[in-house]
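What follows is a single structure, written as structure tokens, with notes after it.
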Number of protein chains: 2
Amino acid sequence: MKKDGGFSPQCPVPDSAAWRGEIQAAHGGGGRAMHRLIEKIFIPAFDNPHLRAGLDGAIVDAAGVRIAFSTDSYVVKPLFFPGGDIGSLAVNGTVNDLAMCGARPLHLSAGFILEEGFPLDVLELAAQSMARAARAAKVGVVTGDTKVVEKGRGDGLYINTAGIGIIEHDLEISPGSVRPGDAVILNGDIGRHGIAVMAMREGLKFDPPIESDCAPLADAVSALIRSGIRVRCLRDLTRGGLATALCEIAGGSGLEFRLEESAIPVSDGVRGACEILGLDPLYVANEGRFIAVVPAEEAERALLVLQAESAGAGSAVIGTAGEGGPRVTVRNGMGTSRVADMLSGEQLPRIC
Amino acid sequence: MKKDGGFSPQCPVPDSAAWRGEIQAAHGGGGRAMHRLIEKIFIPAFDNPHLRAGLDGAIVDAAGVRIAFSTDSYVVKPLFFPGGDIGSLAVNGTVNDLAMCGARPLHLSAGFILEEGFPLDVLELAAQSMARAARAAKVGVVTGDTKVVEKGRGDGLYINTAGIGIIEHDLEISPGSVRPGDAVILNGDIGRHGIAVMAMREGLKFDPPIESDCAPLADAVSALIRSGIRVRCLRDLTRGGLATALCEIAGGSGLEFRLEESAIPVSDGVRGACEILGLDPLYVANEGRFIAVVPAEEAERALLVLQAESAGAGSAVIGTAGEGGPRVTVRNGMGTSRVADMLSGEQLPRIC
């Protein structure tokens with residue numbers, strides 16, 4: 001099951017009497033509150049081994065063929081932002097979840113929830129953007145649904161996509177496959193999606209403008225696997241950012257992930273924006289970034305393979321897995337380490 | 001692609017300068033406006049053979065295995081109604097779309113769009129209802145997603161489900177397979193879902209109460225196929241009702257469908273409610289009803305097979321396919337026939 005708002009029960013979620021009550025923004029933020037919601041309501045109701053696997057999607061068998069299956073709803077606000085829009089996001093987000101299962105994405109479904117009064121020409125732009133993103137990711141939008149809700153019961157346009165992909169290798173890609181000593185590779189600079197959307201929403205201008213990193217990741221993953229790299233675990237960094245994604249893998253593997261702060265690529269623009277806004281780039285959302293955990297002895301080769309891919313040009317080894325977990329620690333330039341927890345509360349509502 | 005709010009381009013959709021503008025309730029009603037929207041925006045953007053096949057879902061190939069893939073979003077209002085709720089609907093609706101492709105449903109995804117302030121205990125009830133319906137339909141909810149939107153940007157709870165199923169036969173189940181002379185079988189009385197939801201919403205009381213027909217249909221379809229019936233076409237009757245579903249098949253097959261009004265089962269309760277509300281039962285939504293088009297010489301056997309299934313106890317032959325289409329005609333007790341068009345406008349908003 002998937003982490004990004006998905007049903008992954010990976011991280012230990014502290015119980016609390018306060019979980020009962022009402023839905024709050026934080027329940028959709030990708031952090032602790034959301035994990036608690038999933039642990040308390042969805043996991044017990046739908047209990048099955050696929051849910052408990054803690055992946056970005058489910059890997060199911062269909063007549064002997066291994067199929068990856070994943071879904072996400074997209075409620076990003078605003079609908080269009082520098083570097084992307086709800087349409088490209090709805091394709092890349094789900095394609096990337098399939099890629100993180102180690103699958104080659106094949107097909108998407110699309111469900112549209114439209115609010116009365118939403119302009120048809122804007123809907124057309126969003127659909128065309130989806131179609132372009134689908135072509136770029138080599139998937140088809142093969143089935144769909146449209147629903148309309150009254151004014152004040154939606155926000156113009158929400159899109160759900162689900163996707164299926166095929167698994168064409170024998171690797172067991174999951175947090176449980178990570179071993180002490182493994183290297184953690186990140187495919188580029190972090191935080192651009194979150195900052196681009198927030199800047200647009202708040203009317204902030206950066207010079208040069210910060211564009212979302214929204215991009216399909218399946219080719220980069222496929223290149224790793226085709227090269228024979230024994231990929232242990234993959235996870236894309238969406239809501240909750242790099243720190244939350246690694247916390248989930250730490251929870252699933254029982255290991256400590258030790259990051260070198262200086263090795264984590266952050267653009268000057270994102271760094272500056274985070275300083276102004278009081279955000280930690282480790283927790284800002286991405287839509288075209290992922291971590292690949294690989295055996296240490298294959299890290300250099302994996303890096304070369306990724307750097308040859310358009311979605312991996314900025315790849316870097318940012319840390320290692322070790323005994324002592326489950327937790328994530330970040331060592332700064334002075335050589336002191338801090339623990340990075342899962343995002344708590346809501347950082348950027350409706351970021352995807 | 002699917003008809004129920006889906007992207008089926010089956011029926012000829014008249015062009016109109018008026019299609020541009022804004023989303024209106026009718027765009028989600030399952031009738032002409034929705035088909036026009038799909039024809040004008042989604043089909044051109046996502047153009048591919050799966051979309052043009054005009055099924056309730058797409059049938060795709062995965063390493064030689066035929067997989068059915070379908071999706072629906074559920075925005076029913078109210079969330080709980082006699083005979084069902086948004087949870088059971090979200091499972092049965094998608095399971096039935098897979099069944100209408102001739103597939104055995106395997107797995108569902110679930111995407112939740114939650115409005116701030118929605119009570120967690122109601123969410124839990126809905127999730128538990130989904131889980132019960134999934135067990136009854138022999139599918140697992142194997143992957144999911146949760147998103148939260150601000151108060152006034154949703155309506156408590158919207159659910160999207162997508163589903164995958166496996167096709168275990170060689171039949172070509174589609175409107176294009178229907179032949180003149182084929183028999184049309186309906187699996188029970190129509191209109192209960194639409195009336196049950198509307199009664200709940202409007203505070204109308206019927207004695208005895210009218211309960212939704214919401215039910216999984218895969219076992220009934222599977223029984224037909226296992227019995228060797230050469231099923232030509234299947235379609236479940238949801239938004240737009242029996243008439244709209246048959247109009248879609250008429251459009252896809254180019255044939256006329258001639259119904260005998262007296263053969264169409266309608267309960268006294270639904271008949272009375274329709275009279276009071278000024279509705280035509282042929283257009284009222286169902287969530288556990290489907291039509292199976294079968295060769296005339298196999299109709300009697302198909303009927304016996306269906307009647308032995310819990311979802312088919314009330315099955316009846318209600319008409320035949322013939323030359324002269326594409327259109328749907330209904331012959332009344334006096335022997336005169338009228339043409340039944342696709343639903344135009346919006347009959348019952350947010351019925352599913």
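Chain labels run A, B, ... following the order of the structure tokens; each chain numbers its residues from 1, and ligands are numbered from 1 in the order shown.
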
Using 12 Å as the limit and counting only C-alpha atoms, can you tabulate each residue of segment 67-115 of chain B that touches segment 113-124 of chain A, with its shortest atom-to-atom distance in Å and the two atoms involved, as a Markdown table?
```
| residue | atom | partner | partner_atom | distance |
| --- | --- | --- | --- | --- |
| B:Asp72 | CA | A:Ile113 | CA | 10.0 |
| B:Ser73 | CA | A:Ile113 | CA | 7.3 |
| B:Tyr74 | CA | A:Ile113 | CA | 9.0 |
| B:Val75 | CA | A:Ile113 | CA | 8.4 |
| B:Val76 | CA | A:Ile113 | CA | 12.0 |
| B:Ile113 | CA | A:Ile113 | CA | 10.2 |
```

Which chain A residues have any atom within 7 Å of an atom of chain B, and for each, what is the nearest pair of atoms with distance in Å to one decimal, counting only C-alpha atoms, rows sorted by chain and number, as JSON lines?
```
{"residue": "A:Met1", "atom": "CA", "partner": "B:Thr143", "partner_atom": "CA", "distance": 4.8}
{"residue": "A:Lys2", "atom": "CA", "partner": "B:Thr143", "partner_atom": "CA", "distance": 6.6}
{"residue": "A:Gly5", "atom": "CA", "partner": "B:Asp145", "partner_atom": "CA", "distance": 4.9}
{"residue": "A:Gly6", "atom": "CA", "partner": "B:Asp145", "partner_atom": "CA", "distance": 4.1}
{"residue": "A:Phe7", "atom": "CA", "partner": "B:Gly144", "partner_atom": "CA", "distance": 5.9}
{"residue": "A:Arg20", "atom": "CA", "partner": "B:Leu120", "partner_atom": "CA", "distance": 6.2}
{"residue": "A:Gly21", "atom": "CA", "partner": "B:Leu120", "partner_atom": "CA", "distance": 5.6}
{"residue": "A:Glu22", "atom": "CA", "partner": "B:Pro119", "partner_atom": "CA", "distance": 4.4}
{"residue": "A:Ile23", "atom": "CA", "partner": "B:Gly117", "partner_atom": "CA", "distance": 4.9}
{"residue": "A:Gln24", "atom": "CA", "partner": "B:Glu116", "partner_atom": "CA", "distance": 5.0}
{"residue": "A:Ala25", "atom": "CA", "partner": "B:Val148", "partner_atom": "CA", "distance": 5.8}
{"residue": "A:His27", "atom": "CA", "partner": "B:Val148", "partner_atom": "CA", "distance": 6.6}
{"residue": "A:Gly28", "atom": "CA", "partner": "B:Val148", "partner_atom": "CA", "distance": 4.7}
{"residue": "A:Ile41", "atom": "CA", "partner": "B:Glu124", "partner_atom": "CA", "distance": 5.6}
{"residue": "A:Phe42", "atom": "CA", "partner": "B:Ala127", "partner_atom": "CA", "distance": 6.6}
{"residue": "A:Ala45", "atom": "CA", "partner": "B:Gln128", "partner_atom": "CA", "distance": 5.3}
{"residue": "A:Phe46", "atom": "CA", "partner": "B:Ala131", "partner_atom": "CA", "distance": 5.6}
{"residue": "A:His50", "atom": "CA", "partner": "B:Val142", "partner_atom": "CA", "distance": 5.4}
{"residue": "A:Leu51", "atom": "CA", "partner": "B:Val142", "partner_atom": "CA", "distance": 5.5}
{"residue": "A:Gly57", "atom": "CA", "partner": "B:Thr143", "partner_atom": "CA", "distance": 5.7}
{"residue": "A:Ala58", "atom": "CA", "partner": "B:Thr143", "partner_atom": "CA", "distance": 5.6}
{"residue": "A:Ala62", "atom": "CA", "partner": "B:Ile166", "partner_atom": "CA", "distance": 6.9}
{"residue": "A:Ala63", "atom": "CA", "partner": "B:Val65", "partner_atom": "CA", "distance": 6.9}
{"residue": "A:Val65", "atom": "CA", "partner": "B:Ala63", "partner_atom": "CA", "distance": 6.9}
{"residue": "A:Ser70", "atom": "CA", "partner": "B:Thr143", "partner_atom": "CA", "distance": 5.9}
{"residue": "A:Thr71", "atom": "CA", "partner": "B:Gly144", "partner_atom": "CA", "distance": 5.9}
{"residue": "A:Asp72", "atom": "CA", "partner": "B:Asp145", "partner_atom": "CA", "distance": 5.4}
{"residue": "A:Ser73", "atom": "CA", "partner": "B:Gly111", "partner_atom": "CA", "distance": 6.0}
{"residue": "A:Ser109", "atom": "CA", "partner": "B:Thr71", "partner_atom": "CA", "distance": 6.3}
{"residue": "A:Gly111", "atom": "CA", "partner": "B:Ser73", "partner_atom": "CA", "distance": 6.0}
{"residue": "A:Glu115", "atom": "CA", "partner": "B:Ile23", "partner_atom": "CA", "distance": 6.9}
{"residue": "A:Glu116", "atom": "CA", "partner": "B:Ile23", "partner_atom": "CA", "distance": 4.9}
{"residue": "A:Gly117", "atom": "CA", "partner": "B:Glu22", "partner_atom": "CA", "distance": 4.8}
{"residue": "A:Phe118", "atom": "CA", "partner": "B:Ile23", "partner_atom": "CA", "distance": 5.1}
{"residue": "A:Pro119", "atom": "CA", "partner": "B:Glu22", "partner_atom": "CA", "distance": 4.4}
{"residue": "A:Leu120", "atom": "CA", "partner": "B:Glu22", "partner_atom": "CA", "distance": 5.2}
{"residue": "A:Glu124", "atom": "CA", "partner": "B:Ile41", "partner_atom": "CA", "distance": 5.6}
{"residue": "A:Ala127", "atom": "CA", "partner": "B:Ala45", "partner_atom": "CA", "distance": 6.2}
{"residue": "A:Gln128", "atom": "CA", "partner": "B:Ala45", "partner_atom": "CA", "distance": 5.3}
{"residue": "A:Ala131", "atom": "CA", "partner": "B:Phe46", "partner_atom": "CA", "distance": 5.6}
{"residue": "A:Val141", "atom": "CA", "partner": "B:Phe46", "partner_atom": "CA", "distance": 6.0}
{"residue": "A:Val142", "atom": "CA", "partner": "B:His50", "partner_atom": "CA", "distance": 5.4}
{"residue": "A:Thr143", "atom": "CA", "partner": "B:Met1", "partner_atom": "CA", "distance": 4.5}
{"residue": "A:Gly144", "atom": "CA", "partner": "B:Gly6", "partner_atom": "CA", "distance": 5.0}
{"residue": "A:Asp145", "atom": "CA", "partner": "B:Gly6", "partner_atom": "CA", "distance": 4.1}
{"residue": "A:Thr146", "atom": "CA", "partner": "B:Gly5", "partner_atom": "CA", "distance": 4.9}
{"residue": "A:Lys147", "atom": "CA", "partner": "B:Gly28", "partner_atom": "CA", "distance": 4.7}
{"residue": "A:Val148", "atom": "CA", "partner": "B:Gly28", "partner_atom": "CA", "distance": 4.7}
{"residue": "A:Val149", "atom": "CA", "partner": "B:Arg350", "partner_atom": "CA", "distance": 7.0}
{"residue": "A:Gly152", "atom": "CA", "partner": "B:Gly152", "partner_atom": "CA", "distance": 5.6}
{"residue": "A:Arg153", "atom": "CA", "partner": "B:Gly154", "partner_atom": "CA", "distance": 4.4}
{"residue": "A:Gly154", "atom": "CA", "partner": "B:Arg153", "partner_atom": "CA", "distance": 4.3}
{"residue": "A:Asp155", "atom": "CA", "partner": "B:Arg153", "partner_atom": "CA", "distance": 5.3}
{"residue": "A:Asn160", "atom": "CA", "partner": "B:Asn160", "partner_atom": "CA", "distance": 6.9}
{"residue": "A:Ala162", "atom": "CA", "partner": "B:Ala162", "partner_atom": "CA", "distance": 6.3}
{"residue": "A:Ile166", "atom": "CA", "partner": "B:Ala62", "partner_atom": "CA", "distance": 6.9}
{"residue": "A:Arg350", "atom": "CA", "partner": "B:Val149", "partner_atom": "CA", "distance": 7.0}
```

Requested write-out: C-alpha atoms of the selected residues, as a short mmCIF file (atom, residue, chain, number, x, y, z; two decimals), in the first residue's frame:
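Okay, out-v8.cif is ready:
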```cif
data_model
loop_
_atom_site.label_atom_id
_atom_site.label_comp_id
_atom_site.auth_asym_id
_atom_site.auth_seq_id
_atom_site.Cartn_x
_atom_site.Cartn_y
_atom_site.Cartn_z
CA MET A 1 0.00 0.00 0.00
CA LYS A 2 1.22 3.42 -0.67
CA GLY A 5 -1.60 9.48 1.52
CA GLY A 6 -1.76 5.78 1.00
CA PHE A 7 -2.30 3.10 3.51
CA ARG A 20 -11.22 10.31 17.32
CA GLY A 21 -13.18 13.34 16.33
CA GLU A 22 -13.21 15.04 12.97
CA ILE A 23 -11.12 15.12 9.83
CA GLN A 24 -8.54 17.89 9.97
CA ALA A 25 -6.21 19.24 7.31
CA HIS A 27 -5.11 14.01 8.04
CA GLY A 28 -4.25 14.70 4.41
CA ILE A 41 -9.64 3.06 10.19
CA PHE A 42 -8.45 1.73 6.86
CA ALA A 45 -11.29 -2.50 7.76
CA PHE A 46 -9.48 -3.67 4.64
CA HIS A 50 -1.16 -6.25 0.15
CA LEU A 51 -1.99 -3.40 2.50
CA GLY A 57 1.03 0.38 -4.60
CA ALA A 58 -0.07 -3.22 -4.33
CA ALA A 62 -3.14 -12.14 -12.24
CA ALA A 63 -2.87 -15.59 -13.78
CA VAL A 65 1.62 -12.20 -14.11
CA SER A 70 -1.92 2.04 -7.34
CA THR A 71 -4.18 5.06 -6.98
CA ASP A 72 -4.08 8.71 -5.96
CA SER A 73 -6.60 11.52 -5.92
CA SER A 109 -7.87 5.25 -15.29
CA GLY A 111 -12.04 9.85 -12.49
CA GLU A 115 -17.93 21.36 -9.58
CA GLU A 116 -20.89 23.07 -11.23
CA GLY A 117 -19.72 26.24 -12.92
CA PHE A 118 -16.22 24.98 -13.70
CA PRO A 119 -15.21 26.34 -17.12
CA LEU A 120 -15.19 23.70 -19.82
CA GLU A 124 -10.08 20.80 -21.67
CA ALA A 127 -7.34 16.90 -19.98
CA GLN A 128 -4.87 17.84 -22.70
CA ALA A 131 -2.81 13.35 -22.27
CA VAL A 141 -5.70 6.75 -20.16
CA VAL A 142 -7.93 3.82 -21.03
CA THR A 143 -11.01 4.16 -18.86
CA GLY A 144 -12.67 6.94 -16.93
CA ASP A 145 -15.58 8.47 -15.09
CA THR A 146 -17.11 11.90 -14.63
CA LYS A 147 -19.17 13.13 -11.71
CA VAL A 148 -20.59 16.60 -11.07
CA VAL A 149 -21.21 18.13 -7.63
CA GLY A 152 -19.63 24.81 -2.99
CA ARG A 153 -19.23 21.01 -2.82
CA GLY A 154 -15.97 20.80 -4.72
CA ASP A 155 -13.23 23.11 -5.93
CA ASN A 160 -8.34 10.50 -9.34
CA ALA A 162 -5.39 4.61 -10.77
CA ILE A 166 3.74 -4.96 -15.02
CA ARG A 350 -3.48 20.41 -1.02
#
```

What is the distance between atom CA of Asp280 of chain A and atom CA of Gly83 of chain A, in Å to one decimal?
->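 It comes out at 21.2 Å.
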
Residues flagged alpha helix (DSSP H) by DSSP in segment 124-171 of chain A, as a list of chain:residue names = A:Glu124, A:Leu125, A:Ala126, A:Ala127, A:Gln128, A:Ser129, A:Met130, A:Ala131, A:Arg132, A:Ala133, A:Ala134, A:Arg135, A:Ala136

Saved selection, atoms kept: all heavy atoms, as a PDB file, in the first residue's frame:
```pdb
ATOM      1  N   GLU A 124     -10.739  21.282 -20.449  1.00  0.00           N
ATOM      2  CA  GLU A 124     -10.081  20.799 -21.669  1.00  0.00           C
ATOM      3  C   GLU A 124      -8.560  20.945 -21.565  1.00  0.00           C
ATOM      4  O   GLU A 124      -7.820  20.030 -21.931  1.00  0.00           O
ATOM      5  CB  GLU A 124     -10.622  21.581 -22.871  1.00  0.00           C
ATOM      6  CG  GLU A 124     -10.196  21.004 -24.197  1.00  0.00           C
ATOM      7  CD  GLU A 124     -11.002  21.571 -25.354  1.00  0.00           C
ATOM      8  OE1 GLU A 124     -11.431  22.760 -25.272  1.00  0.00           O
ATOM      9  OE2 GLU A 124     -11.208  20.838 -26.331  1.00  0.00           O
ATOM     10  N   LEU A 125      -8.102  22.062 -21.033  1.00  0.00           N
ATOM     11  CA  LEU A 125      -6.652  22.257 -20.855  1.00  0.00           C
ATOM     12  C   LEU A 125      -6.070  21.194 -19.933  1.00  0.00           C
ATOM     13  O   LEU A 125      -5.010  20.624 -20.202  1.00  0.00           O
ATOM     14  CB  LEU A 125      -6.372  23.649 -20.260  1.00  0.00           C
ATOM     15  CG  LEU A 125      -6.517  24.839 -21.209  1.00  0.00           C
ATOM     16  CD1 LEU A 125      -6.294  26.144 -20.445  1.00  0.00           C
ATOM     17  CD2 LEU A 125      -5.535  24.717 -22.372  1.00  0.00           C
ATOM     18  N   ALA A 126      -6.781  20.920 -18.841  1.00  0.00           N
ATOM     19  CA  ALA A 126      -6.292  19.917 -17.889  1.00  0.00           C
ATOM     20  C   ALA A 126      -6.260  18.533 -18.535  1.00  0.00           C
ATOM     21  O   ALA A 126      -5.304  17.767 -18.346  1.00  0.00           O
ATOM     22  CB  ALA A 126      -7.158  19.911 -16.636  1.00  0.00           C
ATOM     23  N   ALA A 127      -7.294  18.208 -19.321  1.00  0.00           N
ATOM     24  CA  ALA A 127      -7.336  16.895 -19.982  1.00  0.00           C
ATOM     25  C   ALA A 127      -6.201  16.785 -20.995  1.00  0.00           C
ATOM     26  O   ALA A 127      -5.551  15.736 -21.106  1.00  0.00           O
ATOM     27  CB  ALA A 127      -8.692  16.681 -20.653  1.00  0.00           C
ATOM     28  N   GLN A 128      -5.949  17.867 -21.714  1.00  0.00           N
ATOM     29  CA  GLN A 128      -4.871  17.835 -22.703  1.00  0.00           C
ATOM     30  C   GLN A 128      -3.504  17.695 -22.026  1.00  0.00           C
ATOM     31  O   GLN A 128      -2.615  17.006 -22.526  1.00  0.00           O
ATOM     32  CB  GLN A 128      -4.931  19.078 -23.585  1.00  0.00           C
ATOM     33  CG  GLN A 128      -6.115  19.017 -24.552  1.00  0.00           C
ATOM     34  CD  GLN A 128      -6.409  20.347 -25.234  1.00  0.00           C
ATOM     35  OE1 GLN A 128      -5.869  21.378 -24.849  1.00  0.00           O
ATOM     36  NE2 GLN A 128      -7.275  20.308 -26.235  1.00  0.00           N
ATOM     37  N   SER A 129      -3.354  18.345 -20.884  1.00  0.00           N
ATOM     38  CA  SER A 129      -2.098  18.210 -20.148  1.00  0.00           C
ATOM     39  C   SER A 129      -1.916  16.772 -19.664  1.00  0.00           C
ATOM     40  O   SER A 129      -0.820  16.205 -19.734  1.00  0.00           O
ATOM     41  CB  SER A 129      -2.082  19.191 -18.971  1.00  0.00           C
ATOM     42  OG  SER A 129      -1.009  18.899 -18.118  1.00  0.00           O
ATOM     43  N   MET A 130      -3.016  16.165 -19.170  1.00  0.00           N
ATOM     44  CA  MET A 130      -2.960  14.745 -18.777  1.00  0.00           C
ATOM     45  C   MET A 130      -2.516  13.890 -19.951  1.00  0.00           C
ATOM     46  O   MET A 130      -1.696  12.981 -19.805  1.00  0.00           O
ATOM     47  CB  MET A 130      -4.353  14.240 -18.355  1.00  0.00           C
ATOM     48  CG  MET A 130      -4.778  14.597 -16.970  1.00  0.00           C
ATOM     49  SD  MET A 130      -6.357  13.760 -16.564  1.00  0.00           S
ATOM     50  CE  MET A 130      -5.755  12.153 -16.020  1.00  0.00           C
ATOM     51  N   ALA A 131      -3.107  14.175 -21.096  1.00  0.00           N
ATOM     52  CA  ALA A 131      -2.807  13.353 -22.269  1.00  0.00           C
ATOM     53  C   ALA A 131      -1.335  13.495 -22.663  1.00  0.00           C
ATOM     54  O   ALA A 131      -0.673  12.507 -22.994  1.00  0.00           O
ATOM     55  CB  ALA A 131      -3.719  13.752 -23.430  1.00  0.00           C
ATOM     56  N   ARG A 132      -0.817  14.723 -22.609  1.00  0.00           N
ATOM     57  CA  ARG A 132       0.606  14.926 -22.939  1.00  0.00           C
ATOM     58  C   ARG A 132       1.496  14.168 -21.951  1.00  0.00           C
ATOM     59  O   ARG A 132       2.454  13.500 -22.334  1.00  0.00           O
ATOM     60  CB  ARG A 132       0.956  16.418 -22.892  1.00  0.00           C
ATOM     61  CG  ARG A 132       0.747  17.175 -24.201  1.00  0.00           C
ATOM     62  CD  ARG A 132       1.420  18.546 -24.153  1.00  0.00           C
ATOM     63  NE  ARG A 132       0.991  19.347 -23.015  1.00  0.00           N
ATOM     64  CZ  ARG A 132      -0.117  20.085 -22.977  1.00  0.00           C
ATOM     65  NH1 ARG A 132      -0.919  20.122 -24.025  1.00  0.00           N
ATOM     66  NH2 ARG A 132      -0.423  20.778 -21.907  1.00  0.00           N
ATOM     67  N   ALA A 133       1.165  14.302 -20.665  1.00  0.00           N
ATOM     68  CA  ALA A 133       1.964  13.614 -19.643  1.00  0.00           C
ATOM     69  C   ALA A 133       1.884  12.101 -19.827  1.00  0.00           C
ATOM     70  O   ALA A 133       2.870  11.384 -19.628  1.00  0.00           O
ATOM     71  CB  ALA A 133       1.497  14.018 -18.249  1.00  0.00           C
ATOM     72  N   ALA A 134       0.719  11.626 -20.214  1.00  0.00           N
ATOM     73  CA  ALA A 134       0.557  10.176 -20.422  1.00  0.00           C
ATOM     74  C   ALA A 134       1.416   9.708 -21.590  1.00  0.00           C
ATOM     75  O   ALA A 134       2.078   8.669 -21.507  1.00  0.00           O
ATOM     76  CB  ALA A 134      -0.916   9.831 -20.655  1.00  0.00           C
ATOM     77  N   ARG A 135       1.435  10.494 -22.655  1.00  0.00           N
ATOM     78  CA  ARG A 135       2.292  10.117 -23.795  1.00  0.00           C
ATOM     79  C   ARG A 135       3.757  10.090 -23.368  1.00  0.00           C
ATOM     80  O   ARG A 135       4.500   9.158 -23.695  1.00  0.00           O
ATOM     81  CB  ARG A 135       2.084  11.089 -24.961  1.00  0.00           C
ATOM     82  CG  ARG A 135       0.827  10.790 -25.784  1.00  0.00           C
ATOM     83  CD  ARG A 135       0.809  11.593 -27.093  1.00  0.00           C
ATOM     84  NE  ARG A 135       0.733  13.027 -26.873  1.00  0.00           N
ATOM     85  CZ  ARG A 135      -0.394  13.713 -26.715  1.00  0.00           C
ATOM     86  NH1 ARG A 135      -1.558  13.089 -26.752  1.00  0.00           N
ATOM     87  NH2 ARG A 135      -0.366  15.018 -26.522  1.00  0.00           N
ATOM     88  N   ALA A 136       4.149  11.106 -22.602  1.00  0.00           N
ATOM     89  CA  ALA A 136       5.550  11.177 -22.167  1.00  0.00           C
ATOM     90  C   ALA A 136       5.904   9.985 -21.272  1.00  0.00           C
ATOM     91  O   ALA A 136       7.030   9.500 -21.292  1.00  0.00           O
ATOM     92  CB  ALA A 136       5.810  12.486 -21.426  1.00  0.00           C
TER      93      ALA A 136
END
```

Using only C-alpha atoms, which of the listed residues (A:Leu303, A:Val95, A:Ile195, A:Ala296) sits closest to Glu275 of chain A?
->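 Closest candidate: A:Ile195.
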
Give me the residues near Pro209 of chain B as a PDB file with all heavy atoms, in the first residue's frame, where near means some atom within 9 Å (using only C-alpha atoms) and where sequence neighbours in that chain fewer than 6 positions away do not count.
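Dumped to result25.pdb:
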```
ATOM      1  N   PRO B  82     -31.513   3.659   2.368  1.00  0.00           N
ATOM      2  CA  PRO B  82     -32.049   2.306   2.562  1.00  0.00           C
ATOM      3  C   PRO B  82     -31.457   1.329   1.542  1.00  0.00           C
ATOM      4  O   PRO B  82     -31.515   1.585   0.348  1.00  0.00           O
ATOM      5  CB  PRO B  82     -33.557   2.489   2.320  1.00  0.00           C
ATOM      6  CG  PRO B  82     -33.819   3.944   2.570  1.00  0.00           C
ATOM      7  CD  PRO B  82     -32.571   4.660   2.146  1.00  0.00           C
ATOM      8  N   ALA B 196     -34.818   4.988  -3.848  1.00  0.00           N
ATOM      9  CA  ALA B 196     -34.391   4.902  -2.439  1.00  0.00           C
ATOM     10  C   ALA B 196     -33.562   6.125  -2.053  1.00  0.00           C
ATOM     11  O   ALA B 196     -33.749   6.718  -0.984  1.00  0.00           O
ATOM     12  CB  ALA B 196     -33.594   3.617  -2.202  1.00  0.00           C
ATOM     13  N   GLY B 269     -44.037  -0.440  -5.485  1.00  0.00           N
ATOM     14  CA  GLY B 269     -43.523   0.728  -4.764  1.00  0.00           C
ATOM     15  C   GLY B 269     -42.859   1.716  -5.696  1.00  0.00           C
ATOM     16  O   GLY B 269     -43.105   2.921  -5.635  1.00  0.00           O
TER      17      GLY B 269
END
```

Would you give me, as a PyMOL selection string, the residues in segment 25-185 of chain A that DSSP reads as strand (DSSP E)?
-> chain A and resi 58-62+65-74+80-81+84-85+104-115+140-149+157-166+183-185
